[in-house]
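Listing of work12.cif, mmCIF, C-alpha atoms and all ligand atoms
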```cif
data_start
#
loop_
_atom_site.label_atom_id
_atom_site.label_comp_id
_atom_site.auth_asym_id
_atom_site.auth_seq_id
_atom_site.Cartn_x
_atom_site.Cartn_y
_atom_site.Cartn_z
CA MET R 1 -111.14 -86.24 12.34
CA GLU R 2 -108.36 -85.87 14.86
CA ILE R 3 -104.74 -85.87 13.65
CA ASN R 4 -102.01 -86.61 16.14
CA ILE R 5 -99.05 -84.20 15.87
CA GLN R 6 -96.88 -84.05 19.05
CA LYS R 7 -94.44 -81.30 18.12
CA ARG R 8 -92.65 -78.54 19.95
CA VAL R 9 -93.78 -75.26 18.44
CA LEU R 10 -90.34 -73.64 18.62
CA GLN R 11 -88.66 -76.71 17.09
CA LYS R 12 -87.45 -74.71 14.08
CA ASN R 13 -85.58 -72.24 16.29
CA GLU R 14 -84.18 -75.11 18.39
CA THR R 15 -82.82 -76.82 15.27
CA GLU R 16 -81.18 -73.58 14.14
CA ALA R 17 -79.76 -73.03 17.64
CA ASP R 18 -78.20 -76.52 17.60
CA LYS R 19 -76.66 -75.72 14.22
CA ASN R 20 -75.18 -72.54 15.71
CA ARG R 21 -73.87 -74.49 18.71
CA ASN R 22 -72.03 -76.91 16.42
CA TRP R 23 -70.57 -74.05 14.39
CA PHE R 24 -69.44 -72.22 17.55
CA ARG R 25 -67.77 -75.45 18.72
CA ASP R 26 -65.88 -75.72 15.41
CA GLN R 27 -64.85 -72.08 15.69
CA LYS R 28 -63.68 -72.66 19.30
CA VAL R 29 -65.58 -69.68 20.65
CA PHE R 30 -67.53 -69.42 23.92
CA VAL R 31 -70.90 -67.71 23.50
CA LEU R 32 -72.63 -65.74 26.27
CA ASN R 33 -76.22 -64.50 25.92
CA MET R 34 -76.80 -61.35 28.05
CA MET R 35 -80.39 -60.50 28.85
CA SER R 36 -82.28 -57.94 30.98
CA SER R 37 -85.09 -55.40 30.93
CA PRO R 38 -84.38 -52.22 28.96
CA GLY R 39 -81.84 -50.02 30.71
CA SER R 40 -80.57 -52.44 33.42
CA GLY R 41 -77.04 -51.80 32.25
CA LYS R 42 -76.13 -54.57 29.79
CA THR R 43 -74.15 -52.25 27.52
CA GLU R 44 -72.43 -50.43 30.41
CA THR R 45 -71.52 -53.75 32.09
CA LEU R 46 -70.18 -55.07 28.79
CA CYS R 47 -68.11 -51.95 28.07
CA LYS R 48 -66.37 -52.30 31.45
CA THR R 49 -66.10 -56.09 31.17
CA LEU R 50 -64.48 -55.97 27.73
CA GLY R 51 -61.95 -53.42 28.93
CA LYS R 52 -60.81 -55.85 31.61
CA LEU R 53 -60.89 -59.08 29.59
CA MET R 54 -59.10 -57.85 26.48
CA PRO R 55 -56.55 -58.39 25.08
CA GLU R 56 -55.95 -61.69 27.01
CA ILE R 57 -59.38 -62.87 25.85
CA ARG R 58 -60.38 -61.88 22.32
CA VAL R 59 -63.98 -60.69 22.44
CA GLY R 60 -66.65 -59.97 19.85
CA VAL R 61 -70.14 -58.60 20.47
CA ILE R 62 -73.44 -58.92 18.66
CA VAL R 63 -75.81 -56.30 19.97
CA GLY R 64 -79.53 -56.44 19.35
CA ASP R 65 -81.84 -53.47 19.55
CA VAL R 66 -85.17 -52.72 17.98
CA CYS R 67 -83.54 -49.65 16.40
CA THR R 68 -80.50 -47.32 16.57
CA THR R 69 -76.79 -48.23 16.63
CA ASN R 70 -76.09 -46.32 19.89
CA ASP R 71 -75.06 -49.43 21.85
CA ALA R 72 -72.79 -50.70 19.05
CA ASP R 73 -71.08 -47.30 18.94
CA ARG R 74 -70.46 -47.41 22.73
CA LEU R 75 -69.07 -50.96 22.54
CA GLN R 76 -66.86 -50.25 19.51
CA VAL R 77 -64.82 -47.82 21.61
CA THR R 78 -63.47 -50.75 23.68
CA GLY R 79 -61.71 -52.11 20.58
CA ALA R 80 -63.88 -55.24 20.40
CA LYS R 81 -65.33 -56.44 17.10
CA VAL R 82 -68.98 -55.36 17.18
CA THR R 83 -71.97 -55.92 14.95
CA GLN R 84 -75.51 -54.65 15.42
CA ILE R 85 -78.83 -56.33 14.69
CA ASN R 86 -81.83 -54.02 14.41
CA THR R 87 -84.97 -56.09 14.62
CA ASP R 88 -87.21 -53.36 13.20
CA GLN R 89 -86.32 -54.78 9.77
CA PHE R 90 -87.85 -58.04 11.01
CA GLY R 91 -91.08 -56.59 12.44
CA GLY R 92 -89.56 -55.12 15.62
CA ASP R 93 -89.14 -58.49 17.30
CA CYS R 94 -88.60 -58.47 21.04
CA HIS R 95 -85.87 -61.14 21.01
CA LEU R 96 -83.02 -62.41 18.85
CA ALA R 97 -83.84 -65.70 17.14
CA ALA R 98 -81.18 -68.28 16.31
CA HIS R 99 -81.14 -67.60 12.56
CA LEU R 100 -80.38 -63.89 13.13
CA ILE R 101 -77.42 -64.86 15.31
CA GLU R 102 -76.15 -67.21 12.61
CA ASP R 103 -76.13 -64.42 10.00
CA SER R 104 -74.44 -61.91 12.33
CA ALA R 105 -71.88 -64.33 13.75
CA ARG R 106 -70.77 -65.32 10.26
CA LYS R 107 -70.63 -61.68 9.18
CA LEU R 108 -68.59 -60.81 12.26
CA GLY R 109 -66.31 -63.82 11.86
CA CYS R 110 -65.47 -65.94 14.92
CA GLU R 111 -62.18 -67.59 13.93
CA ASP R 112 -60.15 -64.92 15.77
CA LEU R 113 -62.41 -64.81 18.87
CA ASP R 114 -62.39 -66.66 22.22
CA LEU R 115 -65.61 -65.12 23.50
CA LEU R 116 -68.68 -63.94 21.63
CA ILE R 117 -71.17 -61.96 23.71
CA VAL R 118 -74.70 -61.40 22.49
CA GLU R 119 -76.47 -58.43 24.05
CA ASN R 120 -80.09 -59.45 23.58
CA ILE R 121 -83.04 -57.08 23.16
CA GLY R 122 -84.06 -55.42 26.46
CA ASN R 123 -86.92 -57.69 27.58
CA LEU R 124 -87.31 -60.18 30.45
CA VAL R 125 -89.91 -62.36 28.72
CA CYS R 126 -89.30 -63.34 25.12
CA PRO R 127 -85.51 -63.86 24.98
CA ALA R 128 -85.83 -66.55 27.67
CA GLU R 129 -87.83 -68.73 25.24
CA PHE R 130 -85.36 -68.52 22.35
CA ASP R 131 -82.21 -70.62 22.40
CA ILE R 132 -79.57 -69.03 20.14
CA GLY R 133 -76.96 -71.77 20.51
CA GLU R 134 -75.19 -70.06 23.42
CA ASP R 135 -73.01 -71.80 26.03
CA ALA R 136 -74.25 -69.71 28.96
CA ARG R 137 -76.82 -67.07 29.78
CA ALA R 138 -76.46 -64.13 32.12
CA VAL R 139 -79.36 -61.97 33.29
CA VAL R 140 -78.87 -58.43 34.57
CA LEU R 141 -81.23 -56.89 37.12
CA SER R 142 -80.66 -53.36 38.39
CA VAL R 143 -81.50 -51.99 41.82
CA THR R 144 -83.96 -49.49 40.32
CA GLU R 145 -86.29 -52.26 39.15
CA GLY R 146 -87.85 -53.84 42.25
CA GLU R 147 -86.87 -56.88 44.32
CA ASP R 148 -89.75 -59.02 43.03
CA LYS R 149 -88.67 -59.07 39.34
CA PRO R 150 -87.33 -62.67 39.63
CA LEU R 151 -90.72 -63.84 40.93
CA LYS R 152 -92.57 -61.99 38.15
CA TYR R 153 -90.29 -63.31 35.38
CA PRO R 154 -89.27 -66.71 36.78
CA LEU R 155 -88.44 -68.35 33.44
CA MET R 156 -85.70 -65.80 32.71
CA PHE R 157 -84.05 -66.34 36.09
CA GLN R 158 -84.53 -70.11 35.93
CA VAL R 159 -82.79 -70.43 32.53
CA ALA R 160 -79.92 -68.06 33.45
CA ASP R 161 -76.55 -69.54 34.47
CA ALA R 162 -75.55 -66.40 36.35
CA ALA R 163 -77.21 -63.18 37.46
CA ILE R 164 -75.82 -59.69 37.88
CA LEU R 165 -77.36 -57.23 40.31
CA ASN R 166 -76.23 -53.92 38.81
CA LYS R 167 -76.15 -50.25 39.88
CA ILE R 168 -75.32 -51.01 43.53
CA ASP R 169 -73.72 -47.54 43.68
CA LEU R 170 -77.31 -46.24 43.87
CA LEU R 171 -78.31 -48.35 46.91
CA PRO R 172 -77.76 -45.55 49.47
CA TYR R 173 -80.36 -43.43 47.68
CA LEU R 174 -83.05 -46.12 47.33
CA ASP R 175 -85.26 -48.31 49.51
CA PHE R 176 -84.22 -51.33 47.45
CA ASP R 177 -83.68 -54.43 49.60
CA ALA R 178 -80.66 -56.04 47.90
CA PRO R 179 -80.55 -59.20 50.10
CA LEU R 180 -84.24 -59.82 49.33
CA ALA R 181 -83.61 -59.43 45.59
CA VAL R 182 -80.76 -61.94 45.79
CA GLU R 183 -82.91 -64.33 47.85
CA ASN R 184 -85.70 -64.13 45.24
CA MET R 185 -83.24 -64.97 42.48
CA LYS R 186 -81.94 -67.94 44.46
CA ASN R 187 -85.46 -69.15 45.17
CA VAL R 188 -86.20 -69.26 41.45
CA HIS R 189 -82.78 -70.73 40.65
CA PRO R 190 -81.09 -72.37 43.63
CA GLY R 191 -77.31 -72.46 43.32
CA MET R 192 -77.10 -69.74 40.64
CA PRO R 193 -74.20 -67.34 41.22
CA VAL R 194 -75.32 -63.73 41.72
CA PHE R 195 -72.78 -60.93 41.25
CA GLU R 196 -73.53 -57.59 42.89
CA ILE R 197 -71.78 -54.90 40.84
CA SER R 198 -71.78 -51.29 39.76
CA ALA R 199 -70.96 -50.90 36.09
CA LYS R 200 -70.47 -47.21 36.86
CA THR R 201 -67.87 -47.46 39.66
CA GLU R 202 -66.67 -51.00 38.71
CA GLU R 203 -67.26 -52.18 42.29
CA GLY R 204 -67.69 -55.95 42.61
CA PHE R 205 -66.37 -56.83 39.14
CA GLU R 206 -63.71 -59.37 40.10
CA PRO R 207 -65.99 -62.37 40.96
CA TRP R 208 -68.00 -61.77 37.76
CA LEU R 209 -64.86 -61.56 35.59
CA SER R 210 -63.43 -64.64 37.23
CA TRP R 211 -66.67 -66.62 36.59
CA LEU R 212 -66.59 -65.59 32.92
CA ARG R 213 -62.86 -66.32 32.47
CA THR R 214 -63.35 -69.78 33.99
CA LYS R 215 -66.28 -70.52 31.67
CA VAL R 216 -64.31 -69.46 28.59
CA LYS R 217 -61.28 -71.53 29.67
CA GLU R 218 -63.46 -74.60 30.32
CA LYS R 219 -64.71 -74.52 26.76
CA LEU R 220 -61.46 -73.64 24.99
CA GLY R 221 -59.50 -76.15 27.06
CA MET X 1 -94.46 -60.00 21.72
CA HIS X 2 -93.25 -63.40 20.55
CA GLU X 3 -96.81 -64.80 20.37
CA MET X 4 -96.85 -63.73 16.71
CA GLY X 5 -93.89 -66.00 15.97
CA ILE X 6 -95.52 -68.84 17.89
CA ALA X 7 -98.78 -68.36 15.97
CA GLU X 8 -96.90 -68.47 12.65
CA GLN X 9 -95.11 -71.67 13.62
CA LEU X 10 -98.40 -73.23 14.76
CA VAL X 11 -100.01 -72.53 11.40
CA GLN X 12 -96.99 -73.94 9.56
CA ILE X 13 -96.98 -77.14 11.62
CA ALA X 14 -100.74 -77.59 11.24
CA LEU X 15 -100.67 -77.00 7.47
CA ASP X 16 -97.85 -79.55 7.10
CA ALA X 17 -99.93 -82.13 8.99
CA ILE X 18 -103.04 -81.88 6.80
CA PRO X 19 -103.33 -85.04 4.64
CA GLU X 20 -102.38 -84.16 1.07
CA ASP X 21 -105.39 -85.82 -0.53
CA MET X 22 -107.90 -83.91 1.57
CA GLU X 23 -110.24 -81.58 -0.33
CA ASN X 24 -111.07 -78.21 1.26
CA PRO X 25 -109.65 -79.08 4.66
CA ARG X 26 -110.83 -77.01 7.61
CA VAL X 27 -108.99 -77.12 10.93
CA GLU X 28 -111.46 -76.54 13.78
CA ILE X 29 -109.39 -77.12 16.90
CA LEU X 30 -105.71 -77.04 17.83
CA ASN X 31 -104.90 -78.96 21.01
CA LEU X 32 -101.92 -77.38 22.75
CA ARG X 33 -99.90 -78.18 25.86
CA ILE X 34 -98.45 -75.09 27.52
CA GLY X 35 -96.29 -75.16 30.63
CA LYS X 36 -97.11 -72.81 33.50
CA LEU X 37 -93.59 -71.41 33.30
CA ALA X 38 -93.73 -70.73 29.55
CA SER X 39 -94.22 -67.11 28.68
CA VAL X 40 -97.25 -67.44 26.44
CA VAL X 41 -100.21 -65.17 26.99
CA GLU X 42 -103.32 -66.96 25.80
CA HIS X 43 -105.28 -63.94 24.62
CA SER X 44 -102.25 -62.57 22.73
CA LEU X 45 -101.82 -65.94 21.04
CA THR X 46 -105.52 -66.09 20.12
CA PHE X 47 -105.31 -62.56 18.74
CA CYS X 48 -102.20 -63.32 16.66
CA LEU X 49 -103.73 -66.56 15.37
CA GLU X 50 -106.79 -64.67 14.12
CA ILE X 51 -104.47 -62.53 12.00
CA VAL X 52 -102.20 -65.24 10.60
CA THR X 53 -104.93 -67.80 9.88
CA LYS X 54 -106.95 -65.47 7.67
CA ASP X 55 -107.65 -67.09 4.27
CA THR X 56 -106.04 -70.37 5.36
CA PRO X 57 -107.65 -73.73 6.26
CA LEU X 58 -107.22 -72.64 9.90
CA GLU X 59 -109.43 -69.58 9.68
CA GLY X 60 -111.70 -69.50 12.78
CA VAL X 61 -109.67 -72.23 14.55
CA ARG X 62 -110.20 -72.65 18.29
CA LEU X 63 -107.39 -73.29 20.77
CA VAL X 64 -107.80 -75.90 23.47
CA ILE X 65 -104.98 -75.49 25.95
CA GLU X 66 -103.88 -78.08 28.48
CA GLU X 67 -101.84 -76.40 31.21
CA VAL X 68 -98.74 -78.38 32.18
CA PRO X 69 -97.68 -78.06 35.84
CA ILE X 70 -94.20 -77.02 36.93
CA VAL X 71 -92.40 -80.09 38.25
CA ILE X 72 -89.02 -79.69 39.93
CA ARG X 73 -86.46 -82.33 40.92
CA CYS X 74 -83.70 -81.75 43.44
CA GLN X 75 -80.31 -82.82 42.03
CA SER X 76 -79.09 -83.60 45.52
CA CYS X 77 -81.84 -85.75 47.11
CA SER X 78 -83.90 -86.59 43.95
CA ARG X 79 -87.10 -85.39 45.61
CA GLU X 80 -89.68 -84.33 43.02
CA TRP X 81 -92.51 -81.88 43.57
CA GLU X 82 -95.02 -79.64 41.84
CA ALA X 83 -94.41 -75.92 42.28
CA ASP X 84 -97.38 -73.55 42.36
CA THR X 85 -95.26 -70.47 43.06
CA PRO X 86 -91.82 -69.51 41.69
CA MET X 87 -90.08 -70.95 44.74
CA PHE X 88 -87.98 -73.76 43.34
CA LYS X 89 -85.71 -74.43 46.33
CA CYS X 90 -85.64 -77.93 47.71
CA PRO X 91 -87.20 -77.77 51.19
CA ASP X 92 -84.54 -80.21 52.45
CA CYS X 93 -81.39 -79.16 50.60
CA SER X 94 -81.71 -75.33 50.33
CA ASP X 95 -79.07 -74.24 47.80
CA ALA X 96 -78.79 -77.54 45.91
CA LYS X 97 -79.33 -77.28 42.13
CA VAL X 98 -82.69 -78.35 40.78
CA THR X 99 -83.84 -79.63 37.40
CA LEU X 100 -86.99 -78.45 35.70
CA ILE X 101 -88.83 -81.65 34.74
CA SER X 102 -91.83 -79.94 33.17
CA GLY X 103 -93.42 -76.52 32.93
CA ARG X 104 -91.68 -75.00 29.87
CA GLU X 105 -93.70 -76.82 27.20
CA ILE X 106 -95.07 -75.00 24.17
CA GLU X 107 -96.36 -77.98 22.21
CA ILE X 108 -99.06 -78.92 19.75
CA SER X 109 -100.43 -82.37 20.51
CA SER X 110 -103.10 -82.73 17.83
CA MET X 111 -105.62 -80.96 15.64
CA GLU X 112 -109.22 -81.64 14.75
CA LEU X 113 -110.38 -81.34 11.16
CA ALA X 114 -114.00 -80.83 10.04
CA ASP X 115 -115.41 -83.95 8.35
N1 LIG J 1 -75.64 -45.24 38.51
C1 LIG J 1 -75.46 -46.21 37.63
N2 LIG J 1 -75.93 -46.10 36.37
C2 LIG J 1 -75.72 -47.10 35.50
C3 LIG J 1 -75.02 -48.29 35.86
N3 LIG J 1 -74.99 -49.11 34.80
C4 LIG J 1 -75.64 -48.48 33.80
N4 LIG J 1 -76.08 -47.26 34.21
C5 LIG J 1 -76.85 -46.28 33.42
O1 LIG J 1 -78.11 -46.82 33.10
C6 LIG J 1 -78.51 -46.43 31.78
C7 LIG J 1 -78.80 -47.67 30.94
O2 LIG J 1 -77.62 -48.42 30.80
P1 LIG J 1 -77.35 -49.33 29.52
O3 LIG J 1 -76.03 -49.97 29.71
O4 LIG J 1 -77.56 -48.55 28.27
O5 LIG J 1 -78.51 -50.40 29.67
P2 LIG J 1 -78.93 -51.58 28.66
O6 LIG J 1 -79.39 -52.71 29.50
O7 LIG J 1 -77.85 -51.84 27.69
O8 LIG J 1 -80.19 -50.91 27.92
P3 LIG J 1 -80.91 -51.41 26.55
O9 LIG J 1 -79.84 -51.89 25.63
O10 LIG J 1 -81.61 -50.19 26.06
O11 LIG J 1 -81.87 -52.49 26.95
C8 LIG J 1 -77.37 -45.58 31.24
O12 LIG J 1 -77.68 -44.23 31.43
C9 LIG J 1 -76.18 -46.00 32.09
O13 LIG J 1 -75.22 -44.99 32.20
C10 LIG J 1 -74.52 -48.37 37.22
O14 LIG J 1 -73.91 -49.35 37.65
N5 LIG J 1 -74.78 -47.31 38.05
MG MG J 2 -77.86 -51.85 25.63
ZN ZN J 3 -83.15 -81.99 47.96
#
```
What is this file in structure tokens?
Amino acid sequence: MEINIQKRVLQKNETEADKNRNWFRDQKVFVLNMMSSPGSGKTETLCKTLGKLMPEIRVGVIVGDVCTTNDADRLQVTGAKVTQINTDQFGGDCHLAAHLIEDSARKLGCEDLDLLIVENIGNLVCPAEFDIGEDARAVVLSVTEGEDKPLKYPLMFQVADAAILNKIDLLPYLDFDAPLAVENMKNVHPGMPVFEISAKTEEGFEPWLSWLRTKVKEKLG
Amino acid sequence: MHEMGIAEQLVQIALDAIPEDMENPRVEILNLRIGKLASVVEHSLTFCLEIVTKDTPLEGVRLVIEEVPIVIRCQSCSREWEADTPMFKCPDCSDAKVTLISGREIEISSMELAD
């Protein structure tokens, strides 16, 4: 006997993400989901970004890692409100699901925030599948990873609203073809802004900060 | 590996769809639709399903997967095409934004129960 079902398998997460989105709207906070492979520089980029956005924009961060609180400790120094999710309590998951974000965002409190940034688990595959109720997604790729990453992980680059090409201070020492990397990103996602930066030297930050400020303003009105 | 989460959801959805009055139900086949752009690795999913279906009416279930093509539409000229490679630029409008019409699906369409 065949039984007709017709359901999206991740429906439960999508429902929870929509619930988060409504709550974030009520709280008047813009939510950015930051994703990348391990070590591309999400935490470093965020540390520098927070330093430049605050105190004009009030920022909070939820940082996900399989274990350790190292990243939370680094981000705390900027003065932002920070909370850590360690997924090893949940079976070492490779992404943050919507219900985990709900718990952390409520614990952190969003009423005094304009911008909530979620640093997702370092992984270019799984986080792309899981909506957390965010307003925008940014993907970070670093120049030590290979120009073809966007073609190998097209979903991540297709669902991102902006991309950061990080660690450009290292370009003189590498054979990395930065224009090719940018072209690959734009092939997967035509029209997506790509910001070439160095989180170490802070080169190239202004266009990225301006994109983020505009997004936050658009939502908060 | 998010295939474990997907396997758990699949089992939940299938169990919910079994008619209540059925005695000793046994699910033999799950018919899925998976987009070519979705990050689901079939052998990981099969492996995870074997674990999570143990001692359930789905034990030994077989997956039949229909692959859904990636279809892109240009927001500027409305041209629609199937993409076989991750090159989603409109050939006519270069940097114009595009919409993903299909290719991200992770869906269960039906299941087959033993009589
Ligand atoms: N040279 C150089 N090094 C950088 C830059 N950005 C980050 N790094 C270094 O790269 C390493 C990883 O940076 P993180 O910011 O921890 O990367 P991440 O993406 O947060 O890593 P996970 O959270 O583990 O996934 C650190 O040693 C940083 O100091 C950069 O722009 N230039
Ligand atoms: Mg980090
Ligand atoms: Zn076009």
Identify all chain R residues at most 10 Å from chain X by counting only C-alpha atoms; ligands do not count. Present them as a VMD selection string.
-> chain R and resid 1 to 13 92 to 95 123 to 130 150 to 156 158 to 159 184 to 192
Selection as a PyMOL selection string: residues within 12 Å of ligand MG 2 (chain J) by all atoms listed in the file = chain R and resi 34-47+61-75+84-85+118-123+140
Tell me which of R:Val77, R:Leu115, R:Leu165, R:Leu96 sits closest to R:Thr214, counting all atoms listed in the file.
-> R:Leu115
Name the closest residue to ligand LIG 1 (chain J) among the candidates R:Glu202, R:Glu111, R:Asp161, R:Glu145; distances are taken between atoms, counting all atoms listed in the file.
-> R:Glu202
Please identify all polymer residues within 6 Å of stretch 27-33 of chain R, counting all atoms listed in the file, omitting same-chain residues fewer than 2 positions from it, and present them as a list of chain:residue names.
-> R:Phe24, R:Arg25, R:Glu111, R:Asp114, R:Leu115, R:Leu116, R:Ile117, R:Val118, R:Glu134, R:Asp135, R:Ala136, R:Arg137, R:Val216
Expected file: the selected residues, C-alpha atoms, as a JSON list (two decimals), keeping the file's coordinate frame:
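Listed below is the output, result09.json:
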```
[["chain", "number", "residue", "atom", "x", "y", "z"],
["R", 24, "PHE", "CA", -69.44, -72.22, 17.55],
["R", 25, "ARG", "CA", -67.77, -75.45, 18.72],
["R", 111, "GLU", "CA", -62.18, -67.59, 13.93],
["R", 114, "ASP", "CA", -62.39, -66.66, 22.22],
["R", 115, "LEU", "CA", -65.61, -65.12, 23.50],
["R", 116, "LEU", "CA", -68.68, -63.94, 21.63],
["R", 117, "ILE", "CA", -71.17, -61.96, 23.71],
["R", 118, "VAL", "CA", -74.70, -61.40, 22.49],
["R", 134, "GLU", "CA", -75.19, -70.06, 23.42],
["R", 135, "ASP", "CA", -73.01, -71.80, 26.03],
["R", 136, "ALA", "CA", -74.25, -69.71, 28.96],
["R", 137, "ARG", "CA", -76.82, -67.07, 29.78],
["R", 216, "VAL", "CA", -64.31, -69.46, 28.59]]
```
Which of these residues is nearest to R:Ala162, using all atoms listed in the file: R:Glu206, R:Asp112, R:Glu196, R:Asp88?
->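 The answer is R:Glu196, which sits nearest to R:Ala162.
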In Å, with one decimal, what is the gap from atom CA of R:Leu170 to atom CA of R:Phe205?
->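 Answer for the atom CA of R:Leu170 to atom CA of R:Phe205 separation: 15.9 Å.
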Given the choices X:Leu58, X:Ala83, X:Ile65, X:Met22, which gets closest to X:Glu42 if the distance is worked out from only C-alpha atoms?
-> X:Ile65
Could you please determine the separation between atom CA of R:Val182 and atom CA of R:Leu209 in Å, to one decimal place?
-> 18.9 Å
Tell me, in Å to one decimal, how far atom P3 of ligand LIG 1 (chain J) is from atom CA of R:Asn20.
->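 Atom-to-atom, atom P3 of ligand LIG 1 (chain J) and atom CA of R:Asn20 are spaced 24.4 Å apart.
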Please produce stretch 14-25 of chain X, completed to N, CA and C atoms, as a tab-separated table (two decimals), in the frame of the given file.
```tsv
chain	number	residue	atom	x	y	z
X	14	ALA	N	-99.41	-77.04	11.52
X	14	ALA	CA	-100.74	-77.59	11.24
X	14	ALA	C	-100.93	-77.81	9.74
X	15	LEU	N	-100.51	-76.85	8.92
X	15	LEU	CA	-100.67	-77.00	7.47
X	15	LEU	C	-99.89	-78.22	6.97
X	16	ASP	N	-98.68	-78.41	7.50
X	16	ASP	CA	-97.85	-79.55	7.10
X	16	ASP	C	-98.49	-80.88	7.47
X	17	ALA	N	-99.35	-80.87	8.50
X	17	ALA	CA	-99.93	-82.13	8.99
X	17	ALA	C	-101.27	-82.46	8.32
X	18	ILE	N	-101.77	-81.58	7.48
X	18	ILE	CA	-103.04	-81.88	6.80
X	18	ILE	C	-102.77	-82.91	5.70
X	19	PRO	N	-103.56	-84.01	5.67
X	19	PRO	CA	-103.33	-85.04	4.64
X	19	PRO	C	-103.43	-84.41	3.25
X	20	GLU	N	-102.49	-84.79	2.39
X	20	GLU	CA	-102.38	-84.16	1.07
X	20	GLU	C	-103.62	-84.34	0.21
X	21	ASP	N	-104.27	-85.52	0.37
X	21	ASP	CA	-105.39	-85.82	-0.53
X	21	ASP	C	-106.72	-85.23	-0.05
X	22	MET	N	-106.66	-84.43	1.01
X	22	MET	CA	-107.90	-83.91	1.57
X	22	MET	C	-108.39	-82.70	0.76
X	23	GLU	N	-109.70	-82.71	0.42
X	23	GLU	CA	-110.24	-81.58	-0.33
X	23	GLU	C	-110.85	-80.56	0.62
X	24	ASN	N	-110.58	-79.30	0.40
X	24	ASN	CA	-111.07	-78.21	1.26
X	24	ASN	C	-110.97	-78.51	2.75
X	25	PRO	N	-109.78	-78.77	3.22
X	25	PRO	CA	-109.65	-79.08	4.66
X	25	PRO	C	-109.99	-77.84	5.50
```
